[in-house]
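The file work19.cif comes next; it holds mmCIF, C-alpha atoms.
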```
data_data
loop_
_atom_site.label_atom_id
_atom_site.label_comp_id
_atom_site.auth_asym_id
_atom_site.auth_seq_id
_atom_site.Cartn_x
_atom_site.Cartn_y
_atom_site.Cartn_z
CA LYS A 155 78.80 83.37 130.63
CA ASP A 156 81.92 85.18 129.45
CA GLU A 157 81.54 88.94 129.27
CA GLY A 158 84.59 91.12 128.67
CA SER A 159 87.30 90.42 131.23
CA PHE A 160 84.80 88.54 133.42
CA ARG A 161 85.05 85.02 131.97
CA LEU A 162 83.12 82.88 134.41
CA LYS A 163 82.08 80.19 131.93
CA SER A 164 85.66 79.64 130.77
CA ALA A 165 86.92 79.60 134.38
CA LEU A 166 84.44 76.91 135.41
CA ARG A 167 85.38 74.79 132.40
CA ALA A 168 89.11 75.18 133.10
CA ILE A 169 88.72 74.18 136.76
CA VAL A 170 86.57 71.13 136.02
CA ASP A 171 88.83 69.98 133.17
CA LYS A 172 92.03 70.32 135.19
CA TYR A 173 90.93 69.12 138.63
CA ASN A 174 87.91 66.91 137.80
CA ILE A 175 85.93 68.20 140.79
CA HIS A 176 82.19 68.28 141.24
CA SER A 177 80.09 71.39 141.60
CA ILE A 178 76.72 72.16 143.17
CA MET A 179 74.23 74.81 142.05
CA SER A 180 72.49 76.19 145.14
CA PRO A 181 68.90 77.51 145.31
CA THR A 182 70.38 81.02 145.51
CA GLN A 183 72.32 80.51 142.25
CA SER A 184 75.69 80.03 143.93
CA ILE A 185 78.12 77.57 142.35
CA ILE A 186 79.90 75.50 145.00
CA PHE A 187 82.94 73.35 144.27
CA ARG A 188 83.13 70.41 146.68
CA ASP A 189 85.74 67.84 147.66
CA ILE A 190 88.64 70.13 146.77
CA ASP A 191 92.05 68.71 147.58
CA PRO A 192 93.82 71.31 149.78
CA LYS A 193 96.89 71.15 147.53
CA ASP A 194 94.77 72.31 144.58
CA LYS A 195 93.40 75.44 146.30
CA ASP A 196 96.12 77.83 145.07
CA GLY A 197 95.78 76.59 141.51
CA ILE A 198 92.01 77.02 141.52
CA GLU A 199 92.30 80.52 142.93
CA SER A 200 94.88 81.34 140.25
CA ILE A 201 92.50 80.22 137.48
CA LEU A 202 89.73 82.37 138.93
CA ARG A 203 92.01 85.43 139.06
CA GLU A 204 93.21 84.87 135.50
CA HIS A 205 89.59 84.84 134.33
CA GLY A 206 88.62 88.03 136.13
CA ILE A 207 86.72 86.41 139.02
CA ALA A 208 87.23 88.53 142.14
CA PRO A 209 87.62 86.88 145.56
CA ILE A 210 84.52 87.05 147.73
CA GLU A 211 86.09 89.69 149.98
CA GLU A 212 86.16 92.12 147.04
CA VAL A 213 82.54 91.60 145.95
CA ASP A 214 79.81 93.92 147.25
CA PRO A 215 77.71 91.63 149.48
CA ASN A 216 74.53 93.21 148.13
CA ALA A 217 75.56 92.18 144.63
CA ARG A 218 76.50 88.70 145.82
CA LEU A 219 73.15 88.23 147.57
CA ALA A 220 70.97 89.78 144.84
CA MET A 221 68.99 87.70 142.39
CA ALA A 222 66.72 88.49 139.45
CA CYS A 223 64.74 86.49 136.93
CA PRO A 224 65.58 86.72 133.18
CA ALA A 225 62.41 88.77 132.42
CA LEU A 226 62.61 90.84 129.22
CA PRO A 227 63.36 89.96 126.50
CA LEU A 228 63.41 86.22 127.21
CA CYS A 229 60.21 85.65 129.17
CA GLY A 230 56.82 86.05 127.56
CA LEU A 231 55.20 86.72 130.95
CA ALA A 232 57.49 89.60 131.91
CA GLN A 233 55.93 93.03 132.24
CA GLY A 234 59.21 94.81 132.99
CA GLU A 235 62.96 94.44 133.29
CA ALA A 236 64.72 92.41 135.98
CA GLU A 237 68.04 90.73 135.12
CA ARG A 238 69.21 93.65 132.98
CA LEU A 239 68.08 96.28 135.50
CA MET A 240 69.11 94.67 138.77
CA PRO A 241 72.87 95.46 138.50
CA SER A 242 72.12 99.19 138.27
CA TYR A 243 69.76 98.92 141.27
CA VAL A 244 72.49 97.22 143.29
CA GLU A 245 74.90 100.03 142.39
CA ARG A 246 72.34 102.73 143.22
CA MET A 247 71.56 101.07 146.54
CA ARG A 248 75.28 100.98 147.36
CA VAL A 249 75.59 104.71 146.63
CA LEU A 250 72.54 105.41 148.81
CA LEU A 251 73.81 103.25 151.68
CA ASP A 252 77.22 104.93 151.56
CA ARG A 253 75.62 108.37 151.48
CA MET A 254 73.61 107.51 154.59
CA ASN A 255 76.75 106.19 156.32
CA LEU A 256 75.69 102.52 156.11
CA PRO A 257 78.65 101.19 154.10
CA GLY A 258 78.69 97.77 155.73
CA GLU A 259 74.95 97.08 155.59
CA GLU A 260 73.91 93.92 153.77
CA ILE A 261 70.38 93.77 152.34
CA LEU A 262 69.13 90.69 150.51
CA MET A 263 67.37 91.98 147.37
CA ARG A 264 65.37 90.27 144.66
CA MET A 265 63.80 91.52 141.43
CA THR A 266 61.31 89.97 139.02
CA GLY A 267 59.69 91.16 135.83
CA CYS A 268 56.20 90.01 136.85
CA PRO A 269 54.29 88.91 139.99
CA ASN A 270 54.92 85.19 139.33
CA GLY A 271 58.05 85.65 141.44
CA CYS A 272 60.48 83.18 139.85
CA ALA A 273 63.43 84.79 141.72
CA ARG A 274 61.54 84.34 145.02
CA PRO A 275 61.08 88.05 145.79
CA TYR A 276 58.45 87.34 148.40
CA MET A 277 61.08 86.03 150.83
CA ALA A 278 63.62 88.85 150.37
CA GLU A 279 64.36 91.70 152.76
CA LEU A 280 63.71 94.12 149.89
CA ALA A 281 62.07 93.12 146.62
CA PHE A 282 61.04 94.78 143.38
CA VAL A 283 58.22 93.02 141.54
CA GLY A 284 57.48 94.28 138.03
CA ASP A 285 53.84 95.06 137.34
CA GLY A 286 54.27 97.36 134.34
CA SER A 287 56.84 98.48 131.81
CA LYS A 288 58.46 100.93 134.24
CA THR A 289 56.82 100.29 137.62
CA TYR A 290 57.51 97.88 140.47
CA GLN A 291 55.74 96.72 143.59
CA ILE A 292 57.89 97.09 146.71
CA TRP A 293 57.95 94.21 149.19
CA LEU A 294 59.62 94.46 152.61
CA GLY A 295 60.28 92.38 155.69
CA GLY A 296 61.50 89.03 154.46
CA SER A 297 64.24 87.26 156.36
CA PRO A 298 67.93 87.72 155.53
CA VAL A 299 68.17 83.92 155.63
CA LEU A 300 64.97 83.38 153.60
CA THR A 301 62.90 81.86 156.40
CA ARG A 302 60.02 84.37 156.40
CA THR A 303 57.80 85.87 153.73
CA ALA A 304 57.73 89.61 153.03
CA TYR A 305 54.72 91.90 152.88
CA PRO A 306 53.60 94.32 150.13
CA PHE A 307 54.63 97.87 150.99
CA MET A 308 54.02 99.89 147.82
CA ALA A 309 51.76 99.02 144.90
CA LYS A 310 53.67 101.00 142.26
CA MET A 311 57.09 102.60 142.31
CA ASP A 312 58.46 104.27 139.19
CA ARG A 313 61.74 102.57 138.43
CA ASP A 314 63.54 105.94 138.50
CA ALA A 315 62.25 106.70 142.03
CA LEU A 316 64.38 104.13 143.86
CA GLU A 317 66.35 106.54 146.03
CA ASP A 318 63.37 108.72 146.99
CA THR A 319 61.39 105.62 147.95
CA ILE A 320 64.02 103.69 149.89
CA GLU A 321 65.82 106.57 151.69
CA PRO A 322 62.98 107.22 154.20
CA ILE A 323 62.89 103.50 155.05
CA LEU A 324 66.64 103.45 155.64
CA ALA A 325 66.36 106.62 157.74
CA MET A 326 63.76 105.01 159.99
CA PHE A 327 65.95 101.92 160.14
CA ILE A 328 68.89 104.06 161.31
CA GLN A 329 66.86 105.78 164.02
CA GLN A 330 64.80 102.87 165.34
CA ARG A 331 66.69 99.64 164.72
CA MET A 332 67.67 97.35 167.60
CA GLU A 333 71.29 96.37 168.10
CA PHE A 334 72.48 94.04 165.33
CA GLU A 335 68.98 94.01 163.79
CA ALA A 336 68.94 93.23 160.06
CA PHE A 337 67.02 95.41 157.63
CA GLY A 338 64.42 92.74 156.88
CA ASP A 339 63.93 91.92 160.55
CA PHE A 340 63.42 95.62 161.30
CA CYS A 341 60.82 96.03 158.54
CA HIS A 342 59.01 92.93 159.78
CA ARG A 343 59.00 94.20 163.38
CA VAL A 344 57.72 97.72 162.76
CA GLY A 345 55.35 96.88 159.92
CA SER A 346 54.09 98.59 156.78
CA ASP A 347 51.83 101.18 158.43
CA ALA A 348 54.60 102.57 160.64
CA ILE A 349 57.03 102.83 157.72
CA SER A 350 54.41 104.56 155.55
CA LYS A 351 53.61 107.07 158.29
CA TYR A 352 57.30 107.84 158.83
CA SER A 353 57.90 108.23 155.09
CA GLU A 354 55.07 110.75 154.69
CA THR A 355 56.87 113.40 156.77
CA TYR A 356 60.49 112.48 156.05
CA VAL A 357 62.69 115.15 154.49
CA LEU A 358 65.16 113.70 151.99
CA GLY A 359 68.78 114.05 153.08
CA SER A 360 67.93 114.77 156.72
CA VAL A 361 69.17 111.51 158.34
CA THR A 362 72.49 109.65 158.28
CA ALA A 363 73.88 107.03 160.62
#
```
Could you quickly redo this structure as structure tokens?
Amino acid sequence: KDEGSFRLKSALRAIVDKYNIHSIMSPTQSIIFRDIDPKDKDGIESILREHGIAPIEEVDPNARLAMACPALPLCGLAQGEAERLMPSYVERMRVLLDRMNLPGEEILMRMTGCPNGCARPYMAELAFVGDGSKTYQIWLGGSPVLTRTAYPFMAKMDRDALEDTIEPILAMFIQQRMEFEAFGDFCHRVGSDAISKYSETYVLGSVTA
């Protein structure tokens, strides 16, 4: 869609009309242009810039990897927000990661408005599954490349308690991760019980990388 200076719909139309190239929609909601003639690359990049589409190097990887279902107000099954709330969760997670000195950490996140899981939260490294108007289940331990299912970590998290809930998990990750270990792989390795036990005695603000 076009929204303010971010005019993705118009950019896609302009590229297809001018260069007559095919596109692919991936299972992770990425749009891939294929069979691009090398001589057309600069022109395509120019169209994207003119329509407010930032190059991939300038996009927060957590935003690029995140996905949410439409949920409220479009879905009659939704119990809570997802698509409209997820951008603020991505921003809050970025602030938390930066505060804990993890600026380059990439975490694949998903959010749905109900347990049906249309955005595939049960394969994400960190997922928020709506089960009420303002509460979410927390799922951990999926694979960063979506090859392993996650496990339920918390039955109900108030949607305003994101930082207080996730900070202890990130602190344990900082202290006990293996070299080059991804967040989801770490949560899978140590398990729910160990993370819960660590979180019970954690003091907020006491750990940074």
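Distances from A:Ala304, A:Ala348, A:Ala232, A:Leu251 to Glu279 (chain A) were compared using all atoms listed in the file, and the smallest one belongs to A:Ala304.
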Residues within 12 Å of region 192-196 of chain A, only C-alpha atoms, excluding chain neighbours under 5 positions, as a ChimeraX atom specification
/A:169-170,172-175,187,201-203
Quick one: of A:Leu231, A:Gln183, A:Glu321, A:Lys351, who's nearest to Asp252 (chain A), counting only C-alpha atoms?
A:Glu321
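A straight line drawn from CA of Met240 (chain A) to CA of Ala217 (chain A) is 9.1 Å long.
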Calculate how many Å separate CA of Phe282 (chain A) from CA of Gly359 (chain A), rounding to one decimal.
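Between these atoms lies a distance of 22.9 Å.
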Could you tell me which residues the PyMOL selection byres ((chain A and resi 220) around 12) grabs in this file, written as a count of residues only?
39
Output of the PyMOL selection byres ((chain A and resi 313) around 8), listed as a ChimeraX atom specification
/A:288-290,311-312,314-316
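If you count all atoms listed in the file and ignore residues fewer than 5 places along the chain from Ala363 (chain A), what sits within 9 Å of it is Met254, Asn255, Leu256, Ala325, Ile328 and Gln329 of chain A.
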Would you list the contacts of Arg161 (chain A) as a list in words, taking every protein, DNA or RNA residue within 10 Å and counting all atoms listed in the file, but skipping same-chain residues closer than 5 positions in sequence?
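The contact residues come out as Lys155, Asp156, Leu166, Leu202, Arg203, Glu204, His205, Gly206 and Ile207 of chain A.
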What separates CA of Gly296 (chain A) and CA of Glu335 (chain A) is a distance of 13.0 Å
Just say which residues the PyMOL selection byres ((chain A and resi 336) around 10) picks in this file, as an NGL selection string.
:A and (259-262 or 279 or 295 or 297-298 or 327 or 331-335 or 337-342)
Counting all atoms listed in the file, which residues come within 6 Å of (69.0, 108.2, 147.5), with the point read in the file's coordinates, and could you list them as a ChimeraX atom specification?
/A:250,317-318,321
Among the residues A:Arg253, A:Arg167, A:Arg343, A:Arg246, the one that comes closest to Leu294 (chain A) [using all atoms listed in the file]:
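Of A:Arg253, A:Arg167, A:Arg343, A:Arg246, the one nearest Leu294 (chain A) is A:Arg343, counting all atoms listed in the file.
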Nearby residues (all atoms listed in the file) at most 7 Å from Gln291 (chain A), same-chain spacing under 5 positions excluded, as a ChimeraX atom specification:
/A:282-285,308-311
Store the residues picked out above in a file with C-alpha atoms, as a PDB file, keeping the file's coordinate frame.
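Result written to part_29.pdb:
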```pdb
ATOM      1  CA  PHE A 282      61.040  94.780 143.380  1.00  0.00           C
ATOM      2  CA  VAL A 283      58.220  93.020 141.540  1.00  0.00           C
ATOM      3  CA  GLY A 284      57.480  94.280 138.030  1.00  0.00           C
ATOM      4  CA  ASP A 285      53.840  95.060 137.340  1.00  0.00           C
ATOM      5  CA  MET A 308      54.020  99.890 147.820  1.00  0.00           C
ATOM      6  CA  ALA A 309      51.760  99.020 144.900  1.00  0.00           C
ATOM      7  CA  LYS A 310      53.670 101.000 142.260  1.00  0.00           C
ATOM      8  CA  MET A 311      57.090 102.600 142.310  1.00  0.00           C
TER       9      MET A 311
END
```
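Distance check against Ile349 (chain A) using all atoms listed in the file: of A:Ile323, A:Thr362, A:Glu157, A:Gly267, the minimum falls on A:Ile323.
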Tell me which of A:Ile190, A:Leu358, A:Ala165, A:Cys229 sits closest to Ile320 (chain A), counting all atoms listed in the file.
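Closest candidate: A:Leu358.
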So that I can see what lies close to Ile186 (chain A), please list as a PyMOL selection string the residues with an atom at most 9 Å from it, counting only C-alpha atoms and leaving out residues fewer than 6 positions away in the same chain.
chain A and resi 176-180
